[in-house]
Amino acid sequence: MRLVLEKRAEASGRMAILSPIVAILLTLVTGGIIFALRGLNPFSALYVFFVEPLTTSWSIEQLIVKAAPLAMIGAGLAVSYMANVWNIGAEGQLTAGAILGSAIPVFFPDFQSPLTLVLMLSLGVIGGMAWAAIPAFLKNRFGTNEILTSLMLVYVIQLVLDWLVRGPWRDPKGYNFPKTIAFTDWQLLPQFQLIPPSIGPIYVNLGAIFAVVAVLALAFMMGRTLKGYELRVQGIAPRAGRFSGFSREKTVWFCFLLSGGLAGLAGICEVMSTVGQLQPGISPGYGFTAIIVAFLGRLNPIGALVAAFALAISYLGGESAQVALGISDKTARVFQGILLFYILACDSLILYRLKFIGRTPKLAEVKA
Amino acid sequence: MNDQLLSVILTIITASTPLLLAAIGELVVERSGVLNLGVEGMMAVGAVSGFGAALLTGNTYVGVLAALVAGALLSLLFGFLTLTMVSNQVATGLALTLLGLGTAGLMGESFVGQPGVHLERLHVPGLSDIPFIGPILFGQDLMVYLSFAIVAGVSYLLFRSKAGLIIRAVGDSHQSAHALGYSVVGVRYLCVMFGGACSGLAGGYLSLAYTPQWVENMTAGRGWIALALVVFSSWLPWRIVVGAYLFGTITVMGFSLQAYGIGIPSQLLSALPYLVTILVLVLISRNRALIRANTPACLGQPFVPDR
């Protein structure tokens, strides 16, 4: 008996909705098995990992803090991947944005006005765009594979960051720790109260609002504008895209600048809120996890927002499981990897159906 | 002076071997028309499995074998998704890298800080004692010789054997190969597993010979550099040797310059291999005729036979 795929007459609408849900369920089952193998009660472990992060107002705040950068980067990557442009260096663009935006407090620590905030955020976006422009330029000018160049640049910019915070940008009063000075007042993102204290106060910072705005804007662009149509055509039917005169070069530029800018914004928002200064390790791999976010969201910006929350839960769950169960926080990364595998497998079922076929009878047997 | 030069050359060989192993495996995978971007993940799992097995059994060769098997098993997962389930190869490769790095980190937690076991160098009485040439030609560990044997074997297989003709046919035109009655998916499964085994070996070499211990993220992008090397080689096996040793030399030069402590920031020297990778990719990609002539025509394309 063999397992083969059979092409469906048309894409299954039911599977398109079911696929991410099935993928998450399969990940939970696999997670339960892994926990059971390590001698834990799978149900209570899964509860600690995936449900507990939703039970207190503090953890919901943390959830939003983690989901915001994931949604922002993931939505940008979703648009890129939809158009067949493979930017996988978002982690580097995030770092570049964080570095460039932090130049303001490092060089002008006393410059405090609303303009500081605007300037830092703008520089963050520009930093991300500039770093993303390199693979885009090389792709268009020389035909260099953008997957490899964008990824190599992640290592390069992380070393630049390391050099800056250990060398020229180190806080002179920081006891030799590899950190810049701590940011203050207008160098930090303002916080808003999302839900009144009577229910349980939930504060969010400006980054969460940027994320929602970015997701909605990209969803509008993809669904309702010619630009979105152009990007989708180039992804689904590249040949048709060429015949209709859409410029591939412009698309490469557009996708890299867009996804790079958003990653840069996420980076500067991180250092202006959670981290509060520049230091090595400003992101727990948001740029890479956002790749999973983009696929779990079915390369749709709104989907990416939903997916960002699912992945944010795995980060938080990893932390609480470490405290409550003594299992490694690295478990979260394994879950994230498994999840992406299941998503990709389930996505195949949208276009194909699974079929078990028996042994093909030999010619002699048929004759007899 | 001679001693210093000798030790530099020996270090270069150790630094180049993992790149060589991973790249030659990926070359076969790509020749069959499959793009597996998960080399980094398979190397990481190979490294931790090899180290763990060697530590627990006290035998480095058991470690090497464990690394090989771990890499092949992980690539089987990639094969199932991309070949049987016809998923997107780029996305699945990325997934393999993320999963591999995560799994390796988790598996390796108890190995952090453990003393390593070092893959021993061979010693041929007489020959290994020849000054200078002896240790280079006759005093390496088994994996160094194995890496060259694999390159020679792959070169022979691809261009001098019928099996190689089939692999290249599958990579260049899977529809024709299928029409001729060859099992496209079957050939690709074998090639993917060969690539996985080589990546696993490369990882094992890192944790058993290059820096005999386990450190998280010790692969440090070498899997991606190996992928770039395949492009650099324009899919020709012997050019992989040139590329791998070029990169090995650059890495070691970076370390040596750091040791001399001249006024260059150490981070810049560490960034050298990545910068050179980009530079090399640009130089090769500029020559579009060369790339077009040798790139397997079906690279990265899914195959579902018409029934």
# chains A, B, ... in the order shown; residues from 1 in each chain; ligands from 1
call {"tool": "interface_residues", "arguments": {"of": "chain A", "to": "chain B", "cutoff": "6 Å", "atoms": "only C-alpha atoms", "output": "NGL selection string"}}
result
:A and (142-144 or 149 or 152 or 156 or 159 or 330 or 333-334 or 337 or 340 or 344 or 348)
call {"tool": "write_last_selection", "arguments": {"atoms": "N, CA and C atoms", "output": "mmCIF file, in the first residue's frame"}}
result
data_model
loop_
_atom_site.group_PDB
_atom_site.id
_atom_site.type_symbol
_atom_site.label_atom_id
_atom_site.label_comp_id
_atom_site.auth_asym_id
_atom_site.auth_seq_id
_atom_site.Cartn_x
_atom_site.Cartn_y
_atom_site.Cartn_z
ATOM 1 N N PHE A 142 22.479 41.707 -9.854
ATOM 2 C CA PHE A 142 23.347 40.580 -10.225
ATOM 3 C C PHE A 142 22.620 39.241 -10.240
ATOM 4 N N GLY A 143 21.348 39.222 -9.875
ATOM 5 C CA GLY A 143 20.637 37.946 -9.810
ATOM 6 C C GLY A 143 21.076 37.069 -8.653
ATOM 7 N N THR A 144 21.631 37.675 -7.593
ATOM 8 C CA THR A 144 22.100 36.903 -6.442
ATOM 9 C C THR A 144 20.917 36.372 -5.639
ATOM 10 N N THR A 149 21.719 35.793 0.754
ATOM 11 C CA THR A 149 22.291 37.093 1.136
ATOM 12 C C THR A 149 21.554 37.675 2.336
ATOM 13 N N MET A 152 22.781 35.835 5.439
ATOM 14 C CA MET A 152 24.168 36.158 5.813
ATOM 15 C C MET A 152 24.223 37.506 6.528
ATOM 16 N N VAL A 156 26.014 39.348 10.046
ATOM 17 C CA VAL A 156 26.870 40.536 9.967
ATOM 18 C C VAL A 156 26.366 41.625 10.911
ATOM 19 N N LEU A 159 26.915 41.040 14.569
ATOM 20 C CA LEU A 159 28.293 41.306 14.971
ATOM 21 C C LEU A 159 28.532 42.819 15.077
ATOM 22 N N LYS A 330 13.714 25.968 25.825
ATOM 23 C CA LYS A 330 13.982 25.660 24.414
ATOM 24 C C LYS A 330 12.887 24.788 23.813
ATOM 25 N N ARG A 333 10.854 26.465 21.165
ATOM 26 C CA ARG A 333 11.376 26.544 19.796
ATOM 27 C C ARG A 333 11.122 25.255 19.029
ATOM 28 N N VAL A 334 11.191 24.118 19.757
ATOM 29 C CA VAL A 334 10.900 22.845 19.090
ATOM 30 C C VAL A 334 9.434 22.823 18.656
ATOM 31 N N GLY A 337 8.941 24.847 15.544
ATOM 32 C CA GLY A 337 9.408 24.147 14.352
ATOM 33 C C GLY A 337 8.428 23.066 13.918
ATOM 34 N N LEU A 340 5.369 24.537 12.224
ATOM 35 C CA LEU A 340 5.567 24.935 10.827
ATOM 36 C C LEU A 340 5.509 23.716 9.901
ATOM 37 N N LEU A 344 2.758 23.233 6.809
ATOM 38 C CA LEU A 344 3.135 23.007 5.414
ATOM 39 C C LEU A 344 2.513 21.724 4.894
ATOM 40 N N SER A 348 -0.729 21.329 1.858
ATOM 41 C CA SER A 348 -0.765 20.526 0.636
ATOM 42 C C SER A 348 -2.159 19.965 0.405
#
call {"tool": "residues_around", "arguments": {"residues": "segment 27-34 of chain A", "least_positions_apart": "2", "cutoff": "7 Å", "atoms": "only C-alpha atoms", "output": "list in words"}}
result
Ala23, Ile24, Leu25, Ala36, Leu37, Arg38, Pro42, Phe43, Leu46, Phe335, Ile338 and Leu339 of chain A
call {"tool": "select_by_dssp", "arguments": {"residues": "segment 20-92 of chain B", "states": "helix (DSSP H, G or I)", "output": "number ranges by chain"}}
result
B: 20-31, 39-57, 60-84, 89-92
call {"tool": "write_last_selection", "arguments": {"atoms": "C-alpha atoms", "output": "PDB file, in the first residue's frame"}}
result
ATOM      1  CA  LEU B  20      33.156  20.334   2.268  1.00  0.00           C
ATOM      2  CA  LEU B  21      31.025  17.518   3.686  1.00  0.00           C
ATOM      3  CA  ALA B  22      27.824  19.553   3.945  1.00  0.00           C
ATOM      4  CA  ALA B  23      28.242  21.163   0.515  1.00  0.00           C
ATOM      5  CA  ILE B  24      28.989  17.958  -1.398  1.00  0.00           C
ATOM      6  CA  GLY B  25      25.867  16.368   0.096  1.00  0.00           C
ATOM      7  CA  GLU B  26      23.705  19.335  -0.843  1.00  0.00           C
ATOM      8  CA  LEU B  27      25.185  19.285  -4.348  1.00  0.00           C
ATOM      9  CA  VAL B  28      23.785  15.798  -4.941  1.00  0.00           C
ATOM     10  CA  VAL B  29      20.409  16.868  -3.512  1.00  0.00           C
ATOM     11  CA  GLU B  30      20.250  19.868  -5.840  1.00  0.00           C
ATOM     12  CA  ARG B  31      21.429  17.828  -8.826  1.00  0.00           C
ATOM     13  CA  VAL B  39      21.414  22.064   6.000  1.00  0.00           C
ATOM     14  CA  GLU B  40      22.012  24.265   9.053  1.00  0.00           C
ATOM     15  CA  GLY B  41      19.371  22.400  11.074  1.00  0.00           C
ATOM     16  CA  MET B  42      20.641  18.963  10.060  1.00  0.00           C
ATOM     17  CA  MET B  43      24.199  19.995  10.931  1.00  0.00           C
ATOM     18  CA  ALA B  44      23.110  21.166  14.373  1.00  0.00           C
ATOM     19  CA  VAL B  45      21.319  17.891  15.121  1.00  0.00           C
ATOM     20  CA  GLY B  46      24.281  15.964  13.689  1.00  0.00           C
ATOM     21  CA  ALA B  47      26.633  17.885  15.938  1.00  0.00           C
ATOM     22  CA  VAL B  48      24.688  17.254  19.124  1.00  0.00           C
ATOM     23  CA  SER B  49      23.962  13.590  18.287  1.00  0.00           C
ATOM     24  CA  GLY B  50      27.568  12.923  17.396  1.00  0.00           C
ATOM     25  CA  PHE B  51      28.831  14.577  20.543  1.00  0.00           C
ATOM     26  CA  GLY B  52      26.273  12.847  22.750  1.00  0.00           C
ATOM     27  CA  ALA B  53      26.895   9.388  21.323  1.00  0.00           C
ATOM     28  CA  ALA B  54      30.665   9.797  21.559  1.00  0.00           C
ATOM     29  CA  LEU B  55      30.414  11.041  25.139  1.00  0.00           C
ATOM     30  CA  LEU B  56      28.119   8.213  26.270  1.00  0.00           C
ATOM     31  CA  THR B  57      29.986   5.371  24.560  1.00  0.00           C
ATOM     32  CA  THR B  60      34.266   8.758  18.611  1.00  0.00           C
ATOM     33  CA  TYR B  61      33.402   6.540  15.670  1.00  0.00           C
ATOM     34  CA  VAL B  62      30.066   5.678  17.249  1.00  0.00           C
ATOM     35  CA  GLY B  63      29.636   9.458  17.446  1.00  0.00           C
ATOM     36  CA  VAL B  64      30.388   9.860  13.754  1.00  0.00           C
ATOM     37  CA  LEU B  65      27.870   7.145  12.932  1.00  0.00           C
ATOM     38  CA  ALA B  66      25.224   8.726  15.172  1.00  0.00           C
ATOM     39  CA  ALA B  67      25.734  12.096  13.480  1.00  0.00           C
ATOM     40  CA  LEU B  68      25.298  10.488  10.071  1.00  0.00           C
ATOM     41  CA  VAL B  69      22.123   8.639  11.070  1.00  0.00           C
ATOM     42  CA  ALA B  70      20.638  11.716  12.786  1.00  0.00           C
ATOM     43  CA  GLY B  71      21.184  13.863   9.696  1.00  0.00           C
ATOM     44  CA  ALA B  72      19.682  11.234   7.403  1.00  0.00           C
ATOM     45  CA  LEU B  73      16.623  10.766   9.641  1.00  0.00           C
ATOM     46  CA  LEU B  74      15.951  14.489   9.775  1.00  0.00           C
ATOM     47  CA  SER B  75      16.265  14.759   6.004  1.00  0.00           C
ATOM     48  CA  LEU B  76      13.715  11.962   5.692  1.00  0.00           C
ATOM     49  CA  LEU B  77      11.224  14.282   7.391  1.00  0.00           C
ATOM     50  CA  PHE B  78      12.033  16.935   4.788  1.00  0.00           C
ATOM     51  CA  GLY B  79      11.697  14.325   2.050  1.00  0.00           C
ATOM     52  CA  PHE B  80       8.298  13.183   3.267  1.00  0.00           C
ATOM     53  CA  LEU B  81       6.985  16.745   3.238  1.00  0.00           C
ATOM     54  CA  THR B  82       8.443  17.979  -0.032  1.00  0.00           C
ATOM     55  CA  LEU B  83       8.319  14.747  -2.054  1.00  0.00           C
ATOM     56  CA  THR B  84       5.301  12.868  -0.754  1.00  0.00           C
ATOM     57  CA  GLN B  89      10.644  23.339  -0.706  1.00  0.00           C
ATOM     58  CA  VAL B  90      11.884  26.751   0.419  1.00  0.00           C
ATOM     59  CA  ALA B  91       9.442  26.943   3.315  1.00  0.00           C
ATOM     60  CA  THR B  92      10.033  23.322   4.345  1.00  0.00           C
TER      61      THR B  92
END
call {"tool": "closest_atom_pairs", "arguments": {"of": "segment 60-143 of chain A", "to": "segment 214-225 of chain A", "cutoff": "8 Å", "atoms": "only C-alpha atoms", "output": "tab-separated table"}}
result
residue	atom	partner	partner_atom	distance
A:Ala71	CA	A:Val215	CA	7.3
A:Met72	CA	A:Ala214	CA	6.5
A:Ala75	CA	A:Val215	CA	6.1
A:Gly76	CA	A:Leu218	CA	7.8
A:Val79	CA	A:Met222	CA	7.7
call {"tool": "residues_around", "arguments": {"residues": "Ala209 of chain B", "least_positions_apart": "2", "cutoff": "9 Å", "atoms": "only C-alpha atoms", "output": "list in words"}}
result
Thr14, Val117, His118, Leu119, Glu120, Asp141, Gly204, Tyr205, Leu206, Ser207, Thr211, Pro212 and Gln213 of chain B
call {"tool": "residues_around", "arguments": {"residues": "Leu258 of chain A", "least_positions_apart": "5", "cutoff": "9 Å", "atoms": "only C-alpha atoms", "output": "ChimeraX atom specification"}}
result
/A:76-77,79-80,129,132,253,263
call {"tool": "write_last_selection", "arguments": {"atoms": "N, CA and C atoms", "output": "compact mmCIF listing (two decimals), in the first residue's frame"}}
result
# COMPACT_ATOMS: atom_id res chain seq x y z
N GLY A 76 4.47 41.67 7.06
CA GLY A 76 5.35 42.11 5.97
C GLY A 76 5.92 40.92 5.21
N LEU A 77 6.33 39.89 5.96
CA LEU A 77 6.88 38.70 5.30
C LEU A 77 5.80 37.98 4.50
N VAL A 79 3.33 39.25 2.89
CA VAL A 79 3.18 39.93 1.60
C VAL A 79 4.34 39.55 0.67
N SER A 80 5.57 39.53 1.22
CA SER A 80 6.74 39.18 0.41
C SER A 80 6.63 37.77 -0.15
N MET A 129 14.90 49.23 6.45
CA MET A 129 14.80 49.31 4.99
C MET A 129 16.18 49.26 4.36
N ALA A 132 17.56 45.85 4.36
CA ALA A 132 16.84 45.00 3.41
C ALA A 132 17.15 45.40 1.97
N TRP A 253 12.08 45.15 -4.98
CA TRP A 253 12.35 46.34 -4.16
C TRP A 253 11.22 46.57 -3.17
N ALA A 263 10.20 45.25 9.90
CA ALA A 263 11.10 44.58 10.85
C ALA A 263 11.90 45.61 11.63
call {"tool": "select_by_dssp", "arguments": {"residues": "segment 94-288 of chain A", "states": "strand (DSSP E)", "output": "ChimeraX atom specification"}}
result
/A:191-195,202-205
call {"tool": "write_last_selection", "arguments": {"atoms": "C-alpha atoms", "output": "PDB file, in the first residue's frame"}}
result
ATOM      1  CA  GLN A 191       1.798  53.297  27.233  1.00  0.00           C
ATOM      2  CA  PHE A 192      -1.961  53.299  26.924  1.00  0.00           C
ATOM      3  CA  GLN A 193      -4.630  51.756  29.047  1.00  0.00           C
ATOM      4  CA  LEU A 194      -6.509  49.318  26.869  1.00  0.00           C
ATOM      5  CA  ILE A 195      -9.123  48.074  29.327  1.00  0.00           C
ATOM      6  CA  ILE A 202      -4.240  46.094  30.632  1.00  0.00           C
ATOM      7  CA  TYR A 203      -1.595  48.444  29.336  1.00  0.00           C
ATOM      8  CA  VAL A 204      -0.220  48.316  25.836  1.00  0.00           C
ATOM      9  CA  ASN A 205       2.526  50.399  24.295  1.00  0.00           C
TER      10      ASN A 205
END
call {"tool": "atom_distance", "arguments": {"atom1": "atom CA of Ile357 of chain A", "atom2": "atom CA of Lys7 of chain A"}}
result
14.6 Å
call {"tool": "residues_around", "arguments": {"residues": "Ser102 of chain A", "least_positions_apart": "3", "cutoff": "9 Å", "atoms": "only C-alpha atoms", "output": "PyMOL selection string"}}
result
chain A and resi 97-99+105-107+120+123-124+180+183+187+268+271-272+277-278
call {"tool": "decode", "arguments": {"residues": "segment 226-256 of chain A", "atoms": "N, CA and C atoms", "output": "compact mmCIF listing (two decimals), in the first residue's frame"}}
result
# COMPACT_ATOMS: atom_id res chain seq x y z
N LEU A 226 -4.69 47.63 -6.66
CA LEU A 226 -4.01 47.05 -7.82
C LEU A 226 -2.65 46.48 -7.42
N LYS A 227 -1.97 47.21 -6.50
CA LYS A 227 -0.66 46.75 -6.04
C LYS A 227 -0.76 45.33 -5.47
N GLY A 228 -1.79 45.13 -4.63
CA GLY A 228 -1.98 43.82 -4.03
C GLY A 228 -2.23 42.75 -5.08
N TYR A 229 -3.04 43.12 -6.06
CA TYR A 229 -3.34 42.19 -7.15
C TYR A 229 -2.06 41.82 -7.89
N GLU A 230 -1.25 42.85 -8.18
CA GLU A 230 0.03 42.64 -8.88
C GLU A 230 0.91 41.66 -8.11
N LEU A 231 1.01 41.87 -6.79
CA LEU A 231 1.86 41.00 -5.97
C LEU A 231 1.34 39.57 -6.00
N ARG A 232 0.01 39.42 -5.90
CA ARG A 232 -0.54 38.07 -5.86
C ARG A 232 -0.35 37.36 -7.19
N VAL A 233 -0.55 38.08 -8.28
CA VAL A 233 -0.36 37.47 -9.60
C VAL A 233 1.07 36.95 -9.74
N GLN A 234 2.03 37.78 -9.31
CA GLN A 234 3.43 37.38 -9.47
C GLN A 234 3.78 36.16 -8.63
N GLY A 235 3.05 35.99 -7.51
CA GLY A 235 3.31 34.84 -6.67
C GLY A 235 2.66 33.59 -7.23
N ILE A 236 1.39 33.71 -7.64
CA ILE A 236 0.64 32.53 -8.04
C ILE A 236 0.97 32.13 -9.47
N ALA A 237 1.13 33.11 -10.37
CA ALA A 237 1.40 32.80 -11.78
C ALA A 237 2.45 33.76 -12.32
N PRO A 238 3.74 33.46 -12.02
CA PRO A 238 4.82 34.39 -12.41
C PRO A 238 4.81 34.71 -13.91
N ARG A 239 4.49 33.70 -14.73
CA ARG A 239 4.50 33.91 -16.18
C ARG A 239 3.43 34.91 -16.59
N ALA A 240 2.24 34.72 -16.03
CA ALA A 240 1.15 35.66 -16.31
C ALA A 240 1.55 37.06 -15.87
N GLY A 241 2.26 37.15 -14.73
CA GLY A 241 2.71 38.44 -14.24
C GLY A 241 3.62 39.12 -15.24
N ARG A 242 4.53 38.31 -15.83
CA ARG A 242 5.46 38.90 -16.81
C ARG A 242 4.71 39.39 -18.04
N PHE A 243 3.74 38.59 -18.49
CA PHE A 243 3.01 38.98 -19.70
C PHE A 243 2.19 40.25 -19.48
N SER A 244 1.68 40.41 -18.25
CA SER A 244 0.86 41.59 -18.02
C SER A 244 1.72 42.81 -17.72
N GLY A 245 3.04 42.66 -17.83
CA GLY A 245 3.92 43.81 -17.77
C GLY A 245 4.24 44.29 -16.36
N PHE A 246 3.99 43.45 -15.34
CA PHE A 246 4.38 43.85 -13.99
C PHE A 246 5.90 43.73 -13.87
N SER A 247 6.54 44.75 -13.31
CA SER A 247 8.00 44.73 -13.21
C SER A 247 8.43 43.89 -12.03
N ARG A 248 9.20 42.85 -12.31
CA ARG A 248 9.70 41.97 -11.26
C ARG A 248 10.67 42.75 -10.35
N GLU A 249 11.51 43.59 -10.97
CA GLU A 249 12.49 44.34 -10.18
C GLU A 249 11.79 45.22 -9.15
N LYS A 250 10.75 45.92 -9.60
CA LYS A 250 10.04 46.80 -8.67
C LYS A 250 9.42 46.00 -7.54
N THR A 251 8.92 44.82 -7.88
CA THR A 251 8.30 43.98 -6.84
C THR A 251 9.34 43.56 -5.80
N VAL A 252 10.53 43.18 -6.26
CA VAL A 252 11.58 42.79 -5.32
C VAL A 252 11.90 43.97 -4.39
N TRP A 253 12.08 45.15 -4.98
CA TRP A 253 12.35 46.34 -4.16
C TRP A 253 11.22 46.57 -3.17
N PHE A 254 9.99 46.56 -3.68
CA PHE A 254 8.84 46.87 -2.85
C PHE A 254 8.76 45.92 -1.66
N CYS A 255 8.87 44.61 -1.94
CA CYS A 255 8.70 43.63 -0.87
C CYS A 255 9.81 43.73 0.17
N PHE A 256 11.04 43.91 -0.29
CA PHE A 256 12.14 43.99 0.68
C PHE A 256 12.05 45.26 1.52
